[in-house]
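For reference, upload_12.json (JSON, C-alpha atoms):
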```json
[["chain", "number", "residue", "atom", "x", "y", "z"],
["A", 46, "MET", "CA", 0.00, 0.00, 0.00],
["A", 47, "GLU", "CA", 2.76, 2.43, 0.90],
["A", 48, "SER", "CA", 4.62, 1.65, -2.29],
["A", 49, "ARG", "CA", 1.45, 2.44, -4.40],
["A", 50, "ALA", "CA", 1.03, 5.67, -2.50],
["A", 51, "THR", "CA", 4.58, 6.73, -3.13],
["A", 52, "SER", "CA", 4.37, 5.81, -6.78],
["A", 53, "ALA", "CA", 1.20, 7.79, -7.20],
["A", 54, "ALA", "CA", 2.74, 10.80, -5.50],
["A", 55, "GLY", "CA", 5.75, 10.56, -7.77],
["A", 56, "GLN", "CA", 3.56, 10.45, -10.89],
["A", 57, "SER", "CA", 1.55, 13.44, -9.71],
["A", 58, "GLY", "CA", 4.77, 15.34, -9.09],
["A", 59, "LYS", "CA", 6.00, 14.53, -12.60],
["A", 60, "MET", "CA", 2.71, 15.67, -14.12],
["A", 61, "GLY", "CA", 2.80, 18.96, -12.19],
["A", 62, "SER", "CA", 6.33, 19.70, -13.31],
["A", 63, "GLY", "CA", 5.31, 18.90, -16.95],
["A", 64, "VAL", "CA", 2.36, 21.27, -16.89],
["A", 65, "GLN", "CA", 4.51, 24.03, -15.49],
["A", 66, "GLY", "CA", 7.04, 23.53, -18.23],
["A", 67, "LEU", "CA", 4.31, 23.69, -20.91],
["A", 68, "VAL", "CA", 2.92, 26.92, -19.53],
["A", 69, "LEU", "CA", 6.37, 28.42, -19.38],
["A", 70, "GLY", "CA", 7.01, 27.47, -23.02],
["A", 71, "CYS", "CA", 3.78, 29.08, -24.19],
["A", 72, "CYS", "CA", 4.68, 32.27, -22.39],
["A", 73, "LEU", "CA", 8.07, 32.39, -24.04],
["A", 74, "LEU", "CA", 6.49, 31.72, -27.45],
["A", 75, "LEU", "CA", 3.98, 34.55, -27.04],
["A", 76, "ALA", "CA", 6.74, 36.90, -25.85],
["A", 77, "PHE", "CA", 8.76, 36.17, -29.00],
["A", 78, "TRP", "CA", 6.02, 35.96, -31.67],
["A", 79, "GLY", "CA", 3.56, 38.51, -30.28],
["A", 80, "PRO", "CA", 5.30, 41.63, -31.71],
["A", 81, "VAL", "CA", 5.83, 39.88, -35.03],
["A", 82, "LEU", "CA", 2.18, 38.89, -35.31],
["A", 83, "SER", "CA", 1.03, 42.41, -34.43],
["A", 84, "HIS", "CA", 2.91, 43.79, -37.50],
["A", 85, "MET", "CA", 1.80, 41.07, -39.88],
["A", 86, "PRO", "CA", -1.04, 41.82, -42.29],
["A", 87, "ARG", "CA", -4.41, 40.39, -41.56],
["A", 88, "GLY", "CA", -4.41, 38.22, -44.66],
["A", 89, "GLN", "CA", -1.10, 36.60, -43.72],
["A", 90, "GLN", "CA", -2.30, 36.04, -40.15],
["A", 91, "ASP", "CA", -5.38, 34.31, -41.50],
["A", 92, "LEU", "CA", -3.22, 32.31, -43.87],
["A", 93, "GLN", "CA", -0.92, 31.25, -41.08],
["A", 94, "GLU", "CA", -3.88, 30.40, -38.92],
["A", 95, "GLN", "CA", -5.29, 28.32, -41.77],
["A", 96, "GLU", "CA", -1.93, 26.63, -42.24],
["A", 97, "GLY", "CA", -1.68, 26.05, -38.49],
["A", 98, "THR", "CA", -5.05, 24.46, -38.33],
["A", 99, "GLN", "CA", -4.21, 22.53, -41.54],
["A", 100, "LYS", "CA", -7.72, 22.77, -42.91],
["A", 101, "PRO", "CA", -8.28, 21.38, -46.41],
["A", 102, "PRO", "CA", -8.28, 23.99, -49.16],
["A", 103, "PRO", "CA", -11.71, 25.11, -50.32],
["A", 104, "PRO", "CA", -12.96, 23.86, -53.68],
["A", 105, "MET", "CA", -12.00, 26.01, -56.68],
["A", 106, "ASP", "CA", -14.81, 28.07, -58.17],
["A", 107, "HIS", "CA", -15.31, 28.86, -61.85],
["A", 108, "THR", "CA", -13.37, 32.14, -61.68],
["A", 109, "GLU", "CA", -10.26, 30.38, -60.33],
["A", 110, "ARG", "CA", -10.60, 27.74, -63.02],
["A", 111, "ASP", "CA", -10.78, 30.48, -65.69],
["A", 112, "GLU", "CA", -7.71, 32.15, -64.21],
["A", 113, "ASP", "CA", -5.85, 28.84, -64.32],
["A", 114, "LYS", "CA", -6.84, 28.42, -67.96],
["A", 115, "GLN", "CA", -5.61, 31.90, -68.74],
["A", 116, "GLU", "CA", -2.32, 31.15, -67.01],
["A", 117, "LYS", "CA", -1.95, 27.94, -69.00],
["A", 118, "HIS", "CA", -2.71, 29.74, -72.24],
["A", 119, "SER", "CA", -0.73, 32.89, -71.47],
["A", 120, "PRO", "CA", 0.37, 34.87, -74.56],
["A", 121, "SER", "CA", 3.90, 35.11, -75.77],
["A", 122, "PRO", "CA", 6.22, 37.88, -74.46],
["A", 123, "GLU", "CA", 5.69, 39.80, -77.73],
["A", 124, "GLU", "CA", 1.88, 39.63, -77.34],
["A", 125, "GLU", "CA", 1.84, 40.03, -73.54],
["A", 126, "LEU", "CA", -0.24, 43.03, -72.49],
["A", 127, "PRO", "CA", 0.90, 45.30, -69.68],
["A", 128, "ALA", "CA", -0.48, 44.19, -66.35],
["A", 129, "SER", "CA", -2.92, 46.51, -64.66],
["A", 130, "ARG", "CA", -2.02, 47.97, -61.34],
["A", 131, "CYS", "CA", -4.30, 48.95, -58.49],
["A", 132, "PHE", "CA", -4.22, 52.42, -57.13],
["A", 133, "ARG", "CA", -5.96, 54.12, -54.28],
["A", 134, "CYS", "CA", -8.47, 56.82, -55.08],
["A", 135, "CYS", "CA", -6.50, 59.44, -53.19],
["A", 136, "ASP", "CA", -3.18, 58.71, -54.95],
["A", 137, "PRO", "CA", -2.25, 60.97, -57.91],
["A", 138, "VAL", "CA", -2.19, 58.60, -60.83],
["A", 139, "ALA", "CA", -1.22, 59.41, -64.38],
["A", 140, "PRO", "CA", -3.83, 58.35, -66.96],
["A", 141, "MET", "CA", -3.14, 55.06, -68.69],
["A", 142, "TYR", "CA", -4.23, 56.39, -72.09],
["A", 143, "GLN", "CA", -3.43, 59.78, -73.49],
["A", 144, "ALA", "CA", -6.56, 61.94, -73.93],
["A", 145, "ILE", "CA", -7.40, 62.66, -77.57],
["A", 146, "PRO", "CA", -8.35, 66.34, -78.10],
["A", 147, "VAL", "CA", -11.87, 66.93, -79.44],
["A", 148, "PRO", "CA", -11.74, 68.48, -82.94],
["A", 149, "GLN", "CA", -13.05, 72.04, -83.11],
["A", 150, "ILE", "CA", -15.07, 73.13, -86.19],
["A", 151, "ASN", "CA", -15.13, 76.76, -87.26],
["A", 152, "ILE", "CA", -18.83, 77.41, -87.92],
["A", 153, "THR", "CA", -18.13, 80.71, -89.69],
["A", 154, "ILE", "CA", -16.36, 78.81, -92.45],
["A", 155, "LEU", "CA", -19.26, 76.42, -92.99],
["A", 156, "LYS", "CA", -21.91, 79.19, -92.95],
["A", 157, "GLY", "CA", -22.91, 80.20, -96.47],
["A", 158, "GLU", "CA", -24.28, 83.44, -97.84],
["A", 159, "LYS", "CA", -27.87, 84.45, -97.19],
["A", 160, "GLY", "CA", -30.17, 83.21, -99.93],
["A", 161, "ASP", "CA", -32.94, 85.05, -101.72],
["A", 162, "ARG", "CA", -36.28, 85.46, -100.09],
["A", 163, "GLY", "CA", -38.78, 82.82, -101.08],
["A", 164, "ASP", "CA", -42.18, 83.41, -102.58],
["A", 165, "ARG", "CA", -45.03, 84.24, -100.29],
["A", 166, "GLY", "CA", -47.20, 81.28, -99.48],
["A", 167, "LEU", "CA", -50.91, 81.04, -99.91],
["A", 168, "GLN", "CA", -53.13, 82.50, -97.25],
["A", 169, "GLY", "CA", -54.44, 79.97, -94.84],
["A", 170, "LYS", "CA", -58.07, 79.30, -94.18],
["A", 171, "TYR", "CA", -59.92, 81.52, -91.79],
["A", 172, "GLY", "CA", -60.72, 80.04, -88.46],
["A", 173, "LYS", "CA", -64.17, 79.58, -87.10],
["A", 174, "THR", "CA", -65.90, 82.68, -85.86],
["A", 175, "GLY", "CA", -66.10, 82.78, -82.14],
["A", 176, "SER", "CA", -69.26, 83.30, -80.20],
["A", 177, "VAL", "CA", -70.39, 86.83, -79.48],
["A", 178, "GLY", "CA", -69.41, 87.96, -76.05],
["A", 179, "ALA", "CA", -71.70, 89.47, -73.51],
["A", 180, "ARG", "CA", -72.50, 93.14, -73.91],
["A", 181, "GLY", "CA", -70.50, 95.36, -71.65],
["A", 182, "HIS", "CA", -71.76, 97.97, -69.28],
["A", 183, "ILE", "CA", -72.68, 101.41, -70.61],
["A", 184, "GLY", "CA", -69.84, 103.81, -70.04],
["A", 185, "PRO", "CA", -70.18, 107.24, -68.53],
["A", 186, "LYS", "CA", -71.37, 110.09, -70.72],
["A", 187, "GLY", "CA", -68.56, 112.07, -72.28],
["A", 188, "GLN", "CA", -68.02, 115.77, -72.07],
["A", 189, "LYS", "CA", -69.64, 118.13, -74.54],
["A", 190, "GLY", "CA", -67.42, 118.82, -77.51],
["A", 191, "SER", "CA", -66.36, 122.23, -78.67],
["A", 192, "MET", "CA", -68.20, 124.04, -81.44],
["A", 193, "GLY", "CA", -66.92, 123.34, -84.92],
["A", 194, "ALA", "CA", -65.81, 125.85, -87.51],
["A", 195, "PRO", "CA", -68.52, 127.47, -89.61],
["A", 196, "GLY", "CA", -69.32, 125.71, -92.85],
["A", 197, "ASP", "CA", -68.52, 127.01, -96.31],
["A", 198, "ARG", "CA", -71.45, 128.93, -97.75],
["A", 199, "CYS", "CA", -70.27, 128.15, -101.27],
["A", 200, "LYS", "CA", -71.29, 124.55, -100.78],
["A", 201, "ASN", "CA", -74.91, 125.63, -101.27],
["A", 202, "HIS", "CA", -74.90, 126.42, -104.96],
["A", 203, "TYR", "CA", -77.74, 128.39, -106.52],
["A", 204, "ALA", "CA", -78.23, 130.16, -109.85],
["A", 205, "ALA", "CA", -81.52, 131.34, -111.37],
["A", 206, "PHE", "CA", -82.96, 134.11, -113.47],
["A", 207, "SER", "CA", -86.27, 135.04, -115.18],
["A", 208, "VAL", "CA", -86.62, 138.12, -117.39],
["A", 209, "GLY", "CA", -89.19, 139.56, -119.87],
["A", 210, "ARG", "CA", -89.63, 142.06, -122.74],
["A", 211, "LYS", "CA", -92.54, 144.47, -123.26],
["A", 212, "LYS", "CA", -91.44, 145.90, -126.60],
["A", 213, "PRO", "CA", -91.84, 144.21, -130.02],
["A", 214, "LEU", "CA", -88.79, 143.48, -132.15],
["A", 215, "HIS", "CA", -88.43, 143.47, -135.99],
["A", 216, "SER", "CA", -85.48, 142.27, -138.06],
["A", 217, "ASN", "CA", -85.10, 141.60, -141.81],
["A", 218, "ASP", "CA", -81.53, 142.53, -142.72],
["A", 219, "TYR", "CA", -79.24, 141.56, -139.76],
["A", 220, "TYR", "CA", -79.04, 139.48, -136.55],
["A", 221, "GLN", "CA", -80.21, 141.06, -133.33],
["A", 222, "THR", "CA", -79.66, 140.15, -129.69],
["A", 223, "VAL", "CA", -82.94, 140.07, -127.79],
["A", 224, "VAL", "CA", -82.53, 142.43, -124.87],
["A", 225, "PHE", "CA", -85.00, 142.24, -121.98],
["A", 226, "ASP", "CA", -86.39, 145.13, -120.01],
["A", 227, "THR", "CA", -88.26, 143.41, -117.21],
["A", 228, "GLU", "CA", -86.51, 141.55, -114.39],
["A", 229, "PHE", "CA", -88.50, 138.95, -112.45],
["A", 230, "VAL", "CA", -85.67, 137.00, -110.80],
["A", 231, "ASN", "CA", -81.96, 137.65, -111.13],
["A", 232, "LEU", "CA", -80.17, 135.74, -108.38],
["A", 233, "TYR", "CA", -76.72, 137.19, -107.62],
["A", 234, "GLY", "CA", -77.01, 139.30, -110.81],
["A", 235, "HIS", "CA", -75.77, 136.54, -113.11],
["A", 236, "PHE", "CA", -78.02, 137.83, -115.93],
["A", 237, "ASN", "CA", -76.83, 141.09, -117.44],
["A", 238, "MET", "CA", -79.86, 143.22, -118.40],
["A", 239, "PHE", "CA", -77.80, 145.55, -120.63],
["A", 240, "THR", "CA", -76.27, 142.84, -122.82],
["A", 241, "GLY", "CA", -79.19, 140.40, -122.55],
["A", 242, "ARG", "CA", -76.85, 137.51, -121.67],
["A", 243, "PHE", "CA", -76.65, 135.05, -118.79],
["A", 244, "TYR", "CA", -73.07, 134.48, -117.51],
["A", 245, "CYS", "CA", -72.30, 131.17, -115.85],
["A", 246, "TYR", "CA", -70.49, 131.57, -112.53],
["A", 247, "VAL", "CA", -71.59, 128.20, -111.09],
["A", 248, "PRO", "CA", -70.78, 125.34, -113.50],
["A", 249, "GLY", "CA", -73.29, 122.56, -113.79],
["A", 250, "ILE", "CA", -76.48, 121.52, -115.53],
["A", 251, "TYR", "CA", -79.06, 124.27, -116.28],
["A", 252, "PHE", "CA", -82.63, 124.33, -117.55],
["A", 253, "PHE", "CA", -83.68, 127.12, -119.96],
["A", 254, "SER", "CA", -87.05, 128.11, -121.50],
["A", 255, "LEU", "CA", -88.02, 130.76, -124.07],
["A", 256, "ASN", "CA", -91.58, 131.98, -124.69],
["A", 257, "VAL", "CA", -92.61, 134.44, -127.44],
["A", 258, "HIS", "CA", -95.76, 135.70, -129.23],
["A", 259, "THR", "CA", -95.84, 135.66, -133.04],
["A", 260, "TRP", "CA", -96.97, 138.52, -135.29],
["A", 261, "ASN", "CA", -99.74, 138.29, -137.88],
["A", 262, "GLN", "CA", -98.45, 137.75, -141.41],
["A", 263, "LYS", "CA", -94.86, 137.71, -140.18],
["A", 264, "GLU", "CA", -92.31, 134.93, -139.65],
["A", 265, "THR", "CA", -90.87, 134.15, -136.21],
["A", 266, "TYR", "CA", -87.29, 132.79, -136.21],
["A", 267, "LEU", "CA", -85.06, 132.81, -133.11],
["A", 268, "HIS", "CA", -82.05, 130.84, -131.74],
["A", 269, "ILE", "CA", -81.00, 130.09, -128.16],
["A", 270, "MET", "CA", -77.23, 130.59, -128.25],
["A", 271, "ARG", "CA", -74.37, 129.23, -126.12],
["A", 272, "ASN", "CA", -71.43, 131.52, -126.65],
["A", 273, "THR", "CA", -71.34, 131.66, -130.51],
["A", 274, "GLU", "CA", -73.05, 128.31, -131.05],
["A", 275, "GLU", "CA", -76.67, 127.98, -132.22],
["A", 276, "VAL", "CA", -78.11, 125.39, -129.86],
["A", 277, "VAL", "CA", -81.89, 125.26, -130.57],
["A", 278, "ILE", "CA", -84.35, 127.15, -132.73],
["A", 279, "LEU", "CA", -87.79, 128.58, -132.09],
["A", 280, "TYR", "CA", -89.72, 128.93, -135.36],
["A", 281, "ALA", "CA", -93.26, 129.83, -136.45],
["A", 282, "GLN", "CA", -94.44, 130.18, -140.06],
["A", 283, "VAL", "CA", -96.40, 133.08, -141.44],
["A", 284, "SER", "CA", -100.03, 132.94, -140.31],
["A", 285, "ASP", "CA", -103.16, 135.07, -140.32],
["A", 286, "ARG", "CA", -103.32, 134.95, -136.56],
["A", 287, "SER", "CA", -100.72, 135.31, -133.82],
["A", 288, "ILE", "CA", -99.96, 132.49, -131.37],
["A", 289, "MET", "CA", -97.69, 131.76, -128.38],
["A", 290, "GLN", "CA", -94.56, 129.71, -129.12],
["A", 291, "SER", "CA", -92.14, 128.15, -126.62],
["A", 292, "GLN", "CA", -88.83, 126.27, -126.56],
["A", 293, "SER", "CA", -87.02, 124.64, -123.64],
["A", 294, "LEU", "CA", -83.82, 122.62, -123.10],
["A", 295, "MET", "CA", -81.11, 121.65, -120.60],
["A", 296, "LEU", "CA", -77.45, 122.60, -121.05],
["A", 297, "GLU", "CA", -74.26, 121.65, -119.24],
["A", 298, "LEU", "CA", -72.34, 124.86, -118.74],
["A", 299, "ARG", "CA", -68.82, 125.58, -117.71],
["A", 300, "GLU", "CA", -67.68, 128.64, -115.87],
["A", 301, "GLN", "CA", -67.77, 131.84, -117.99],
["A", 302, "ASP", "CA", -70.14, 130.34, -120.60],
["A", 303, "GLU", "CA", -72.77, 132.75, -122.02],
["A", 304, "VAL", "CA", -76.38, 131.94, -122.92],
["A", 305, "TRP", "CA", -78.52, 134.44, -124.89],
["A", 306, "VAL", "CA", -81.30, 134.74, -127.52],
["A", 307, "ARG", "CA", -80.74, 135.94, -131.09],
["A", 308, "LEU", "CA", -83.27, 137.07, -133.70],
["A", 309, "PHE", "CA", -82.44, 135.35, -136.98],
["A", 310, "LYS", "CA", -81.90, 137.28, -140.27],
["A", 311, "GLY", "CA", -84.05, 135.92, -143.09],
["A", 312, "GLU", "CA", -85.39, 136.77, -146.52],
["A", 313, "ARG", "CA", -88.77, 137.66, -145.12],
["A", 314, "GLU", "CA", -89.64, 139.99, -142.30],
["A", 315, "ASN", "CA", -88.93, 138.44, -138.91],
["A", 316, "ALA", "CA", -90.67, 139.77, -135.77],
["A", 317, "ILE", "CA", -91.96, 139.01, -132.27],
["A", 318, "PHE", "CA", -94.95, 140.73, -130.74],
["A", 319, "SER", "CA", -95.38, 142.48, -127.36],
["A", 320, "ASP", "CA", -96.86, 145.69, -125.91],
["A", 321, "GLU", "CA", -96.27, 148.02, -123.00],
["A", 322, "PHE", "CA", -99.21, 146.72, -120.99],
["A", 323, "ASP", "CA", -98.51, 142.97, -121.00],
["A", 324, "THR", "CA", -95.34, 140.91, -121.17],
["A", 325, "TYR", "CA", -95.44, 138.41, -124.03],
["A", 326, "ILE", "CA", -91.73, 137.52, -124.21],
["A", 327, "THR", "CA", -89.98, 135.69, -121.34],
["A", 328, "PHE", "CA", -86.61, 133.99, -120.91],
["A", 329, "SER", "CA", -85.81, 131.88, -117.79],
["A", 330, "GLY", "CA", -83.11, 129.53, -116.52],
["A", 331, "TYR", "CA", -81.89, 127.89, -113.28],
["A", 332, "LEU", "CA", -79.24, 125.50, -111.97],
["A", 333, "VAL", "CA", -80.34, 121.87, -111.69],
["A", 334, "LYS", "CA", -77.13, 120.19, -110.48],
["A", 335, "HIS", "CA", -73.73, 121.54, -109.58],
["A", 336, "ALA", "CA", -70.73, 120.12, -111.41],
["A", 337, "THR", "CA", -68.97, 118.95, -108.21],
["A", 338, "GLU", "CA", -71.96, 117.07, -106.83],
["A", 339, "PRO", "CA", -71.91, 113.26, -107.31]]
```
Final C-alpha cells representation of the file:
Amino acid sequence: MESRATSAAGQSGKMGSGVQGLVLGCCLLLAFWGPVLSHMPRGQQDLQEQEGTQKPPPPMDHTERDEDKQEKHSPSPEEELPASRCFRCCDPVAPMYQAIPVPQINITILKGEKGDRGDRGLQGKYGKTGSVGARGHIGPKGQKGSMGAPGDRCKNHYAAFSVGRKKPLHSNDYYQTVVFDTEFVNLYGHFNMFTGRFYCYVPGIYFFSLNVHTWNQKETYLHIMRNTEEVVILYAQVSDRSIMQSQSLMLELREQDEVWVRLFKGERENAIFSDEFDTYITFSGYLVKHATEP
C-alpha cells in the first residue's frame, strides 16, 4: 500500500512539473512571436492560422478555373499586355491612355451666304368665328365737344334768273340780240340786263325756257345761243293769226359760258310781238345740279 502511494505521488509530481514547463514554453512563445504577429497583415495572419489548423483547401470556383486556364494559355512575351495595377483613389495617378483632343469646327467657315427670299405662301383658311361675347356695361357720358368751324357757304350752290320784254322786235336785214327790259328773278345778278346775256359763274347743268308771241303775217325765227353756237331754234311760219310759241332745253355749262337769244336774219320779215301793258316775251333759266356734286 505504501509503495502504491509513493508511486502515485511521484507520478503526480511529474505531471505537475510537466504542466509548469508547458505553460512556461507558451509564455516564451507569445513573448517572441507577439510583436511579429502584431505587424503582420491580416491576410497573412489568417493564412498562417489556416496553415496552423491545416484545414483542407476550399474547392475552386469557376473564376479560379478560368484564371488557371488563362495562365496555361498565357500569350507570348511579344503579345503580352501590360499588367494593370491597383491604385488608391487618393493617390495621384497618371492616366493610362493619353486623352485625344476633341476636334473644333469653325462654324463661320461652314456658314454660307444668305439666300434670296422665297415666294409668299398662300393665305391659310380663316378660323371659325367665335361666339359673341356678352354686352358690356354702358360707359359714362362724355363731355360736350367744342363748337366746330362754320361751314362754307359756297357749298350751297344756286343760280336762277327770269326776265321779260314788253317791246316788239323786228329784223329783216341783220341778226339782233334780244334784250330784256323786265326783271322777275336775277339771283346774284348773273343775268346782265344791258347785254341780254346770262353768264355762268356756277358750272353745272341748267334748264332754260323761251316763250314768245308771233306777229300776224310775219315769220318768227329765233335761236338760243351758247357763246357763238346755235343750240336750238324757235320757229313759227307766217299765219293770219298770232300764237304763243315756246322752246325749252337743258345745257351743261362751264364757268364763264354765255347763254342768250338771237333774232335770226331771213329773206322775209322776222318779228316778235309784245306791248307796254302785258309781257309776251320771257326767258328763264336755273341750276339743276352743280358740277362737283356726285
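Remark: for Thr265 (chain A), the closest of the candidate residues A:Arg307, A:Val224, A:Ile317, A:Glu312 is A:Ile317 (distances computed over all atoms listed in the file).
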Practice prompt. Work out how far CA of Gln282 (chain A) is from CA of Tyr325 (chain A), in Å to one decimal.
Written response: 18.0 Å
Practice prompt. Please provide as a PyMOL selection string all residues within 8 Å of Tyr251 (chain A), with the sequence filter that same-chain residues fewer than 4 positions apart are discarded (counting all atoms listed in the file).
Written response: chain A and resi 295-298+330-334
Discussion item. Could you check which residues have any atom within 12 Å of (-74.5, 132.1, -124.0), counting only C-alpha atoms with coordinates taken straight from the file, and then list them as a count of residues only?
Written reply: 34
